[in-house]
Every structure is written in C-alpha cells, then in structure tokens.
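Structure file input_24.tsv (TSV, C-alpha atoms) is printed below.
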chain	number	residue	atom	x	y	z
A	1	MET	CA	80.30	97.82	94.29
A	2	ALA	CA	80.84	97.87	98.05
A	3	PHE	CA	83.37	100.64	98.50
A	4	ASP	CA	85.04	101.26	101.81
A	5	PRO	CA	82.98	104.13	103.34
A	6	GLN	CA	86.00	106.46	103.25
A	7	LEU	CA	86.62	105.64	99.59
A	8	GLN	CA	82.93	106.21	98.87
A	9	ALA	CA	83.16	109.68	100.41
A	10	LEU	CA	86.21	110.44	98.28
A	11	TYR	CA	84.45	109.08	95.19
A	12	ASP	CA	81.40	111.26	95.84
A	13	GLN	CA	83.68	114.26	96.18
A	14	ARG	CA	85.25	113.48	92.81
A	15	VAL	CA	81.78	113.32	91.25
A	16	GLU	CA	80.91	116.73	92.69
A	17	GLN	CA	84.18	118.24	91.51
A	18	GLY	CA	83.97	116.73	88.03
A	19	VAL	CA	87.45	115.24	88.28
A	20	ARG	CA	88.92	114.37	84.88
A	21	PRO	CA	90.87	111.17	84.23
A	22	LEU	CA	94.60	111.84	84.01
A	23	TYR	CA	94.76	110.24	80.58
A	24	THR	CA	92.53	113.02	79.17
A	25	MET	CA	95.01	115.71	80.24
A	26	THR	CA	98.23	116.97	78.76
A	27	LEU	CA	101.34	115.42	80.23
A	28	GLU	CA	102.12	118.58	82.20
A	29	GLU	CA	98.56	118.77	83.55
A	30	ALA	CA	98.53	115.09	84.48
A	31	ARG	CA	101.82	115.30	86.36
A	32	ALA	CA	100.66	118.32	88.34
A	33	ALA	CA	97.22	116.83	89.06
A	34	ASP	CA	98.70	113.51	90.16
A	35	LEU	CA	101.08	115.16	92.62
A	36	ALA	CA	98.38	117.48	93.97
A	37	ALA	CA	95.99	114.58	94.58
A	38	ILE	CA	98.62	112.49	96.34
A	39	GLN	CA	99.72	115.36	98.56
A	40	ALA	CA	96.10	116.13	99.44
A	41	ASP	CA	95.38	112.54	100.52
A	42	SER	CA	98.69	111.49	102.08
A	43	GLY	CA	98.29	113.49	105.28
A	44	THR	CA	100.88	115.58	107.07
A	45	PRO	CA	104.36	114.27	106.24
A	46	GLU	CA	106.01	112.69	109.26
A	47	PRO	CA	109.23	114.24	110.49
A	48	VAL	CA	112.30	112.03	110.26
A	49	ALA	CA	115.69	112.56	111.83
A	50	GLU	CA	117.37	113.60	108.58
A	51	VAL	CA	116.53	114.06	104.90
A	52	THR	CA	119.35	114.39	102.36
A	53	ASP	CA	118.97	115.13	98.65
A	54	GLU	CA	121.76	113.81	96.46
A	55	SER	CA	122.63	113.61	92.78
A	56	ILE	CA	124.09	110.29	91.71
A	57	PRO	CA	125.60	108.98	88.47
A	58	GLY	CA	123.00	107.29	86.27
A	59	PRO	CA	123.28	105.33	83.02
A	60	ALA	CA	122.54	108.48	80.97
A	61	GLY	CA	123.36	111.29	83.37
A	62	PRO	CA	122.78	112.40	86.95
A	63	LEU	CA	119.76	111.09	88.89
A	64	PRO	CA	118.18	112.63	91.98
A	65	VAL	CA	117.85	110.51	95.11
A	66	ARG	CA	116.47	111.37	98.53
A	67	VAL	CA	117.70	109.64	101.66
A	68	TYR	CA	115.46	109.46	104.73
A	69	ARG	CA	117.13	108.56	108.02
A	70	PRO	CA	114.93	107.78	111.02
A	71	ALA	CA	115.98	108.28	114.61
A	72	GLY	CA	117.97	105.45	116.13
A	73	GLU	CA	121.42	103.97	116.23
A	74	GLY	CA	122.91	102.47	113.10
A	75	PRO	CA	123.81	100.62	111.15
A	76	LEU	CA	120.24	100.68	109.88
A	77	PRO	CA	118.78	98.36	107.24
A	78	VAL	CA	118.05	99.99	103.88
A	79	LEU	CA	114.92	100.21	101.74
A	80	VAL	CA	115.32	101.51	98.18
A	81	TYR	CA	111.93	102.84	97.08
A	82	PHE	CA	110.57	103.57	93.59
A	83	PHE	CA	107.58	105.90	93.24
A	84	GLY	CA	104.48	105.07	91.19
A	85	GLY	CA	102.88	106.93	88.31
A	86	GLY	CA	102.87	104.57	85.37
A	87	TRP	CA	106.52	105.33	84.50
A	88	THR	CA	105.02	108.62	83.21
A	89	LEU	CA	104.05	110.63	86.28
A	90	GLY	CA	105.64	110.96	89.69
A	91	SER	CA	108.77	112.29	91.34
A	92	LEU	CA	110.56	112.16	94.65
A	93	GLU	CA	107.75	114.34	96.00
A	94	THR	CA	105.16	111.72	95.03
A	95	SER	CA	106.57	109.14	97.41
A	96	ASP	CA	107.72	111.55	100.13
A	97	ALA	CA	105.00	110.72	102.67
A	98	ILE	CA	105.31	106.98	102.04
A	99	CYS	CA	109.07	107.04	102.45
A	100	ARG	CA	108.88	109.03	105.66
A	101	GLY	CA	106.28	106.66	107.11
A	102	LEU	CA	108.21	103.53	106.16
A	103	ALA	CA	111.52	104.92	107.41
A	104	ASN	CA	110.05	105.63	110.83
A	105	ALA	CA	107.84	102.54	111.20
A	106	ALA	CA	110.33	100.03	109.77
A	107	GLY	CA	113.35	101.69	111.36
A	108	CYS	CA	115.22	101.70	108.08
A	109	LEU	CA	117.21	104.10	105.99
A	110	THR	CA	114.96	104.76	102.98
A	111	VAL	CA	116.41	105.82	99.64
A	112	ALA	CA	113.98	107.14	97.00
A	113	VAL	CA	115.30	107.01	93.44
A	114	GLY	CA	114.28	109.62	90.85
A	115	TYR	CA	114.32	107.57	87.66
A	116	ARG	CA	113.71	108.98	84.16
A	117	LEU	CA	110.10	109.20	83.03
A	118	ALA	CA	108.30	108.21	79.85
A	119	PRO	CA	107.34	109.14	77.21
A	120	GLU	CA	110.50	111.26	77.09
A	121	HIS	CA	112.55	108.26	78.21
A	122	LYS	CA	110.99	104.95	77.31
A	123	PHE	CA	111.85	101.44	78.47
A	124	PRO	CA	114.52	100.40	79.45
A	125	ALA	CA	115.51	103.78	80.94
A	126	ALA	CA	113.53	103.37	84.20
A	127	PRO	CA	114.77	99.91	85.25
A	128	ARG	CA	118.36	100.79	84.37
A	129	ASP	CA	118.12	103.93	86.50
A	130	CYS	CA	116.56	102.02	89.38
A	131	LEU	CA	119.26	99.37	89.35
A	132	ALA	CA	121.85	102.16	89.38
A	133	GLY	CA	120.05	103.62	92.38
A	134	VAL	CA	120.17	100.32	94.24
A	135	ARG	CA	123.86	99.90	93.51
A	136	TRP	CA	124.55	103.43	94.73
A	137	ALA	CA	122.55	102.80	97.90
A	138	VAL	CA	124.54	99.66	98.66
A	139	GLU	CA	127.86	101.38	97.99
A	140	HIS	CA	127.06	104.52	99.99
A	141	ALA	CA	124.81	103.17	102.76
A	142	GLY	CA	127.55	103.54	105.31
A	143	ARG	CA	127.73	107.30	104.78
A	144	PHE	CA	124.20	107.59	106.13
A	145	GLY	CA	124.42	104.99	108.87
A	146	GLY	CA	123.01	102.21	106.71
A	147	ASP	CA	123.87	98.52	106.53
A	148	PRO	CA	124.76	97.48	102.96
A	149	ALA	CA	124.21	93.83	103.87
A	150	ARG	CA	120.51	94.39	104.61
A	151	VAL	CA	118.89	95.99	101.57
A	152	ALA	CA	115.30	95.64	100.32
A	153	VAL	CA	113.51	97.21	97.37
A	154	GLY	CA	109.94	98.41	97.14
A	155	GLY	CA	107.49	100.52	95.23
A	156	ASP	CA	103.85	101.10	94.41
A	157	SER	CA	102.20	100.59	91.02
A	158	ALA	CA	104.85	101.18	88.34
A	159	GLY	CA	107.27	101.45	91.26
A	160	GLY	CA	106.21	97.95	92.31
A	161	ASN	CA	106.87	96.80	88.76
A	162	LEU	CA	110.34	98.34	88.94
A	163	ALA	CA	111.06	96.74	92.32
A	164	ALA	CA	110.16	93.33	90.88
A	165	VAL	CA	112.22	93.98	87.75
A	166	VAL	CA	115.26	95.21	89.70
A	167	SER	CA	115.05	92.05	91.83
A	168	LEU	CA	115.27	89.99	88.63
A	169	MET	CA	118.11	92.15	87.27
A	170	ALA	CA	120.13	91.95	90.49
A	171	ARG	CA	119.69	88.18	90.72
A	172	ASP	CA	120.78	87.65	87.12
A	173	ALA	CA	123.73	90.05	87.44
A	174	GLY	CA	125.02	88.29	90.55
A	175	GLY	CA	124.17	91.18	92.85
A	176	PRO	CA	123.68	93.31	94.70
A	177	ASP	CA	122.06	90.84	97.07
A	178	LEU	CA	118.57	91.93	98.05
A	179	LEU	CA	116.80	90.81	101.18
A	180	ALA	CA	113.15	91.48	100.34
A	181	GLN	CA	110.82	93.11	97.85
A	182	LEU	CA	107.76	95.19	98.73
A	183	LEU	CA	105.39	95.10	95.75
A	184	VAL	CA	102.31	97.30	96.12
A	185	TYR	CA	99.71	96.69	93.38
A	186	PRO	CA	102.45	96.17	90.77
A	187	ASN	CA	102.06	95.95	87.01
A	188	THR	CA	103.43	92.51	86.13
A	189	ASP	CA	102.15	91.66	82.63
A	190	TYR	CA	101.70	93.92	79.61
A	191	LEU	CA	99.51	91.26	77.99
A	192	ALA	CA	97.32	90.69	81.05
A	193	ASP	CA	93.81	89.62	80.10
A	194	THR	CA	92.25	89.36	83.54
A	195	ALA	CA	88.89	89.83	85.17
A	196	SER	CA	90.20	92.80	87.13
A	197	ARG	CA	91.35	94.52	83.93
A	198	ARG	CA	87.95	93.99	82.33
A	199	GLU	CA	85.85	94.91	85.36
A	200	ASN	CA	87.52	98.13	86.49
A	201	THR	CA	86.41	100.70	83.94
A	202	ASP	CA	85.15	103.58	86.11
A	203	PRO	CA	86.66	106.84	84.78
A	204	LEU	CA	86.69	108.36	88.27
A	205	LEU	CA	89.15	105.69	89.41
A	206	PHE	CA	92.34	104.22	88.03
A	207	ASN	CA	90.93	101.96	85.32
A	208	ASP	CA	91.67	99.82	82.28
A	209	LYS	CA	92.22	102.87	80.07
A	210	SER	CA	94.65	104.28	82.63
A	211	VAL	CA	96.70	101.09	82.43
A	212	GLN	CA	96.87	101.16	78.65
A	213	TRP	CA	97.75	104.88	78.57
A	214	TYR	CA	100.72	104.26	80.82
A	215	TRP	CA	101.89	101.25	78.84
A	216	ASP	CA	101.62	103.25	75.60
A	217	ASN	CA	103.77	106.00	77.10
A	218	TYR	CA	106.34	103.58	78.49
A	219	LEU	CA	106.99	101.22	75.59
A	220	ALA	CA	108.59	102.10	72.28
A	221	SER	CA	106.73	99.20	70.69
A	222	PRO	CA	104.20	96.57	71.81
A	223	GLU	CA	106.86	93.91	71.21
A	224	ASP	CA	108.75	95.23	74.24
A	225	GLY	CA	105.81	94.18	76.39
A	226	THR	CA	106.90	90.55	76.46
A	227	ASP	CA	110.34	91.41	77.85
A	228	PRO	CA	110.57	90.10	81.44
A	229	LEU	CA	112.03	93.46	82.44
A	230	VAL	CA	108.70	94.98	81.37
A	231	SER	CA	106.45	92.08	82.39
A	232	PRO	CA	108.14	90.26	85.27
A	233	LEU	CA	105.35	87.67	85.33
A	234	ARG	CA	106.77	86.48	81.98
A	235	ALA	CA	110.27	85.84	83.32
A	236	PRO	CA	111.22	82.21	82.60
A	237	ASP	CA	112.53	81.65	86.12
A	238	HIS	CA	111.47	83.23	89.41
A	239	SER	CA	113.56	81.07	91.72
A	240	GLY	CA	116.19	82.64	93.89
A	241	LEU	CA	114.40	85.97	94.16
A	242	PRO	CA	114.09	87.79	97.50
A	243	GLN	CA	111.09	87.17	99.71
A	244	ALA	CA	108.13	89.37	98.91
A	245	LEU	CA	105.13	91.14	100.33
A	246	VAL	CA	102.52	91.72	97.61
A	247	ILE	CA	99.69	94.14	98.41
A	248	THR	CA	96.66	94.44	96.11
A	249	ALA	CA	93.37	96.34	96.12
A	250	GLU	CA	89.92	94.95	95.39
A	251	TYR	CA	88.91	97.65	92.89
A	252	ASP	CA	92.08	97.77	90.84
A	253	PRO	CA	92.63	96.66	87.24
A	254	LEU	CA	96.09	95.44	88.32
A	255	ARG	CA	94.71	93.27	91.15
A	256	ASP	CA	94.80	89.93	89.37
A	257	GLU	CA	98.24	90.25	87.78
A	258	GLY	CA	99.69	91.28	91.14
A	259	GLU	CA	98.17	88.22	92.75
A	260	GLN	CA	99.32	86.05	89.85
A	261	TYR	CA	102.85	87.28	90.45
A	262	ALA	CA	102.60	86.40	94.13
A	263	ALA	CA	101.45	82.91	93.17
A	264	ARG	CA	104.26	82.51	90.63
A	265	LEU	CA	106.87	83.51	93.20
A	266	ARG	CA	105.41	81.07	95.70
A	267	GLU	CA	105.41	78.26	93.12
A	268	SER	CA	109.10	79.02	92.51
A	269	GLY	CA	110.02	78.54	96.14
A	270	VAL	CA	110.08	82.22	97.14
A	271	ARG	CA	108.58	83.14	100.51
A	272	VAL	CA	105.56	85.33	99.82
A	273	GLU	CA	102.99	87.16	101.91
A	274	ALA	CA	100.04	88.44	99.86
A	275	THR	CA	97.19	90.65	101.07
A	276	ARG	CA	94.21	91.99	99.15
A	277	TYR	CA	92.63	95.04	100.79
A	278	PRO	CA	88.85	94.96	100.34
A	279	GLY	CA	86.73	97.94	99.36
A	280	VAL	CA	89.57	100.14	98.14
A	281	ALA	CA	91.00	101.12	94.78
A	282	HIS	CA	94.40	101.48	93.17
A	283	GLY	CA	96.38	104.26	94.80
A	284	PHE	CA	95.14	103.68	98.34
A	285	PHE	CA	98.65	103.00	99.68
A	286	ALA	CA	99.51	106.66	99.07
A	287	MET	CA	96.32	107.89	100.77
A	288	SER	CA	97.04	107.16	104.43
A	289	GLY	CA	95.87	110.64	105.39
A	290	THR	CA	92.41	109.97	103.93
A	291	LEU	CA	91.91	106.19	104.04
A	292	ASP	CA	92.44	104.09	107.16
A	293	ALA	CA	93.13	101.16	104.82
A	294	GLY	CA	96.08	103.08	103.38
A	295	ARG	CA	97.50	103.64	106.84
A	296	ARG	CA	97.05	99.97	107.72
A	297	ALA	CA	98.80	98.90	104.52
A	298	VAL	CA	101.79	101.12	105.24
A	299	GLU	CA	101.91	99.70	108.76
A	300	GLN	CA	101.76	96.17	107.36
A	301	ALA	CA	104.58	96.94	104.94
A	302	ALA	CA	106.69	98.40	107.72
A	303	THR	CA	106.10	95.42	110.01
A	304	TYR	CA	106.98	93.06	107.18
A	305	LEU	CA	110.21	94.91	106.45
A	306	ARG	CA	111.17	95.16	110.11
A	307	THR	CA	110.70	91.40	110.50
A	308	ALA	CA	112.64	90.63	107.32
A	309	PHE	CA	115.51	92.87	108.40
A	310	ALA	CA	115.56	91.36	111.88
A	311	GLY	CA	115.62	87.86	110.40
A	312	ALA	CA	118.67	88.78	108.36
A	313	THR	CA	120.39	89.96	111.52
A	314	THR	CA	119.55	86.69	113.27
A	315	GLU	CA	120.74	84.55	110.37
A	316	SER	CA	124.00	86.42	109.74
Whole structure given in structure tokens:
Amino acid sequence: MAFDPQLQALYDQRVEQGVRPLYTMTLEEARAADLAAIQADSGTPEPVAEVTDESIPGPAGPLPVRVYRPAGEGPLPVLVYFFGGGWTLGSLETSDAICRGLANAAGCLTVAVGYRLAPEHKFPAAPRDCLAGVRWAVEHAGRFGGDPARVAVGGDSAGGNLAAVVSLMARDAGGPDLLAQLLVYPNTDYLADTASRRENTDPLLFNDKSVQWYWDNYLASPEDGTDPLVSPLRAPDHSGLPQALVITAEYDPLRDEGEQYAARLRESGVRVEATRYPGVAHGFFAMSGTLDAGRRAVEQAATYLRTAFAGATTES
C-alpha cells in the first residue's frame, strides 16, 4: 500500500493506540467513538453567519434539522446534506464541520437532516426521513434566505447512499426538483462483489467487515438489499436524475461501487464528474483538519456546487 503520508501518520497513531474497529464495540460505544474521531480530525469548525436548529415533522415523528446560513445576500441556493455512519452511527454533530465548510465555500444555505438510525429504525426509515427533510427545506427555504428553485442533495458514505436514493425518490414522485447530487464514497449495491470490497480488509481502517456490519444493522432482511432504495445501482432506470459529483477513495471497500454508479449515471445521460482520491481511505472527506486530501475534496465539492447553482441561475 502507498498511503498518503498524512494518512500513514494517522494509521501509525492508530496502531500505537490500539484502536478497535467500531464493529467490535457496543452500539453506544461505537456511536461515541465515531463522533470523537470525526471531531478530532475535522479541524476547528468554521464560523458561519447563522446556525438554526429546528424540529420538523417526519414520517414517524419530529426530526431534528440544522440550517447553516453563510454570509451574503440571498436568495441563496440550498444544499440538503445527510451525514454518514452506515445508517447506524452519526448525528447532526457528525457532519457539522462539513456543512459549515460547504456553506461558506459554496455560498449556499446548508440544511443537515437528522434521520432515524438503525438498528432501532431499519430501512426504509432513513430514506423516508431524508425525503421529508428535502421537502421541508424546499418549502421553508425562503424563511432562511434560501432559493427553493435551486436545491441540491449530498452526503458521505451512507449519507451519499441516501442522497442518491432521495434523488431517485424525488424523480419518481414528480418532485421536488433537484439540481445536483453530491455523492461522497456512497454505498450503492448491497450485493456488491468488487475488487475493492475484497481487497480492503485492514481492521484499522473502514473495511469489508465494516460494510457488512452496517448493512446487517440497516436491513430487516437480506431480501431488502435488492430494493433500489437500498441499492441505487440496481434501479432499473437512472435517466432524468440530477447531475452528480461522485468522490471515491483509493483504499475504500466502497470505491468500486461508487465508481460503477458514476458510470451508470453517465450511461443514462446524466452529467457526471467523478474523482478518485489516491492514497486515502474511506472517511477522508470528514478529516479536512488532518488530511490535506480531505480539505481538497471539500473544496472540490464546493466548487462543483457553486458552478451547478450558477448554471441554474443562468439557465432560468
């Protein structure tokens, strides 16, 4: 392996500390450890002009959302963001640094949606909650200086999966209309049998066992895995979906299925930009305080969104 030097330093530190894989912990331990690791590696959270916590109606009860408003005159475009964590871990705190960075760099109102977690709430709770969050963001964007006609979705890992799934759901439901999707190392296929799944087995990194642990928590039965709202790669039709930026990592068991999804979108006539970051592992997008590659990826995402939003303004 040829790790990025900064990832190698982090890896060596994990060896010295005897870091345990999350899937060997209790659920409570794993959730706490995941948040602590992300906060340690995400750097100092950027200030934004305004942060508002709200409670919104969800399919099965209230859901928390957090709205980040950058400085600048509105109406601002809107990004609805879904945190990662294998549908099992994560919270609004998990994606706080990412959302602040994207809000500032892309100049967009960013709405983070606190969807229900597995195994307490299995599929389809998460995608239903996320679609509710998008609909709320469109309906209430104006309250926060947002433009409901320019809305994108995004997320990392399981959040990337949910962004892809919500894009399918919104298309098939006739709205809301979405402008773009930001998919950062997304899960796209429960049945993936890829080289990246087989090769990435290191217990000190997100690995093949991590992937299976999350799937086992998320799904009530293996049969659910073929549902396109679980495995968006298996959707029968990908045409008419919003343009996409797909970011993958070299040392990531999800690398190949993310890149397969980018290829499938492109084959279906969707505009796609796909970038594999060399030398880094799954999770690097949330590590911009530790890895330069993470900072570059966030900057790339922000530039992509800014361009997509500006194009919508030009075309309208």
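The gap separating atom CA of Gly61 of chain A from atom CA of Leu35 of chain A is 24.4 Å, in Å to one decimal.
For segment 175-184 of chain A, the list of residues within 6 Å, based on all atoms listed in the file and with local chain neighbours fewer than 6 positions off taken out, reads Val151, Ala152, Val153, Gly154, Gly155, Asp156, Gly160, Pro242, Gln243, Ala244, Leu245, Val246 and Ile247 of chain A.
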Show me, as a PyMOL selection string, the residues that have an atom within 10 Å of segment 197-202 of chain A when counting all atoms listed in the file, minus same-chain residues fewer than 2 positions from it. chain A and resi 21+192-195+204-211+250-257+281
Residues just named, written with C-alpha atoms as an mmCIF file, in the coordinates of the input:
data_model
loop_
_atom_site.group_PDB
_atom_site.id
_atom_site.type_symbol
_atom_site.label_atom_id
_atom_site.label_comp_id
_atom_site.auth_asym_id
_atom_site.auth_seq_id
_atom_site.Cartn_x
_atom_site.Cartn_y
_atom_site.Cartn_z
ATOM 1 C CA PRO A 21 90.870 111.170 84.230
ATOM 2 C CA ALA A 192 97.320 90.690 81.050
ATOM 3 C CA ASP A 193 93.810 89.620 80.100
ATOM 4 C CA THR A 194 92.250 89.360 83.540
ATOM 5 C CA ALA A 195 88.890 89.830 85.170
ATOM 6 C CA LEU A 204 86.690 108.360 88.270
ATOM 7 C CA LEU A 205 89.150 105.690 89.410
ATOM 8 C CA PHE A 206 92.340 104.220 88.030
ATOM 9 C CA ASN A 207 90.930 101.960 85.320
ATOM 10 C CA ASP A 208 91.670 99.820 82.280
ATOM 11 C CA LYS A 209 92.220 102.870 80.070
ATOM 12 C CA SER A 210 94.650 104.280 82.630
ATOM 13 C CA VAL A 211 96.700 101.090 82.430
ATOM 14 C CA GLU A 250 89.920 94.950 95.390
ATOM 15 C CA TYR A 251 88.910 97.650 92.890
ATOM 16 C CA ASP A 252 92.080 97.770 90.840
ATOM 17 C CA PRO A 253 92.630 96.660 87.240
ATOM 18 C CA LEU A 254 96.090 95.440 88.320
ATOM 19 C CA ARG A 255 94.710 93.270 91.150
ATOM 20 C CA ASP A 256 94.800 89.930 89.370
ATOM 21 C CA GLU A 257 98.240 90.250 87.780
ATOM 22 C CA ALA A 281 91.000 101.120 94.780
#
Can you list, as an MDAnalysis selection string, every protein, DNA or RNA residue that comes within 7 Å of Gly225 of chain A when you count only C-alpha atoms, leaving out same-chain residues fewer than 4 positions away? chainID A and resid 190 230:231
Written selection (C-alpha atoms) as an mmCIF file, in the frame of the given file:
data_model
loop_
_atom_site.group_PDB
_atom_site.id
_atom_site.type_symbol
_atom_site.label_atom_id
_atom_site.label_comp_id
_atom_site.auth_asym_id
_atom_site.auth_seq_id
_atom_site.Cartn_x
_atom_site.Cartn_y
_atom_site.Cartn_z
ATOM 1 C CA TYR A 190 101.700 93.920 79.610
ATOM 2 C CA VAL A 230 108.700 94.980 81.370
ATOM 3 C CA SER A 231 106.450 92.080 82.390
#
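Using all atoms listed in the file for every distance, the candidate list A:Val166, A:Ala97, A:Ala103, A:Ala293 yields A:Ala97 as the residue closest to Gln39 of chain A.
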Env of Gly107 of chain A: 10 Å cut, atoms = only C-alpha atoms, seq-sep filter 2 positions within chain, self excluded. Answer as a PDB file with C-alpha atoms, keeping the file's coordinate frame.
ATOM      1  CA  ARG A  69     117.130 108.560 108.020  1.00  0.00           C
ATOM      2  CA  PRO A  70     114.930 107.780 111.020  1.00  0.00           C
ATOM      3  CA  ALA A  71     115.980 108.280 114.610  1.00  0.00           C
ATOM      4  CA  GLY A  72     117.970 105.450 116.130  1.00  0.00           C
ATOM      5  CA  GLU A  73     121.420 103.970 116.230  1.00  0.00           C
ATOM      6  CA  GLY A  74     122.910 102.470 113.100  1.00  0.00           C
ATOM      7  CA  LEU A  76     120.240 100.680 109.880  1.00  0.00           C
ATOM      8  CA  PRO A  77     118.780  98.360 107.240  1.00  0.00           C
ATOM      9  CA  VAL A  78     118.050  99.990 103.880  1.00  0.00           C
ATOM     10  CA  LEU A  79     114.920 100.210 101.740  1.00  0.00           C
ATOM     11  CA  GLY A 101     106.280 106.660 107.110  1.00  0.00           C
ATOM     12  CA  LEU A 102     108.210 103.530 106.160  1.00  0.00           C
ATOM     13  CA  ALA A 103     111.520 104.920 107.410  1.00  0.00           C
ATOM     14  CA  ASN A 104     110.050 105.630 110.830  1.00  0.00           C
ATOM     15  CA  ALA A 105     107.840 102.540 111.200  1.00  0.00           C
ATOM     16  CA  LEU A 109     117.210 104.100 105.990  1.00  0.00           C
ATOM     17  CA  THR A 110     114.960 104.760 102.980  1.00  0.00           C
ATOM     18  CA  ALA A 302     106.690  98.400 107.720  1.00  0.00           C
ATOM     19  CA  THR A 303     106.100  95.420 110.010  1.00  0.00           C
ATOM     20  CA  LEU A 305     110.210  94.910 106.450  1.00  0.00           C
ATOM     21  CA  ARG A 306     111.170  95.160 110.110  1.00  0.00           C
ATOM     22  CA  PHE A 309     115.510  92.870 108.400  1.00  0.00           C
TER      23      PHE A 309
END
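The list of residues with at least one atom within 9 Å of Arg116 of chain A, based on only C-alpha atoms and without residues fewer than 4 positions apart in the same chain, reads A:Leu63, A:Trp87, A:Thr88, A:Glu120, A:His121, A:Lys122, A:Ala125, A:Ala126, A:Asp129.
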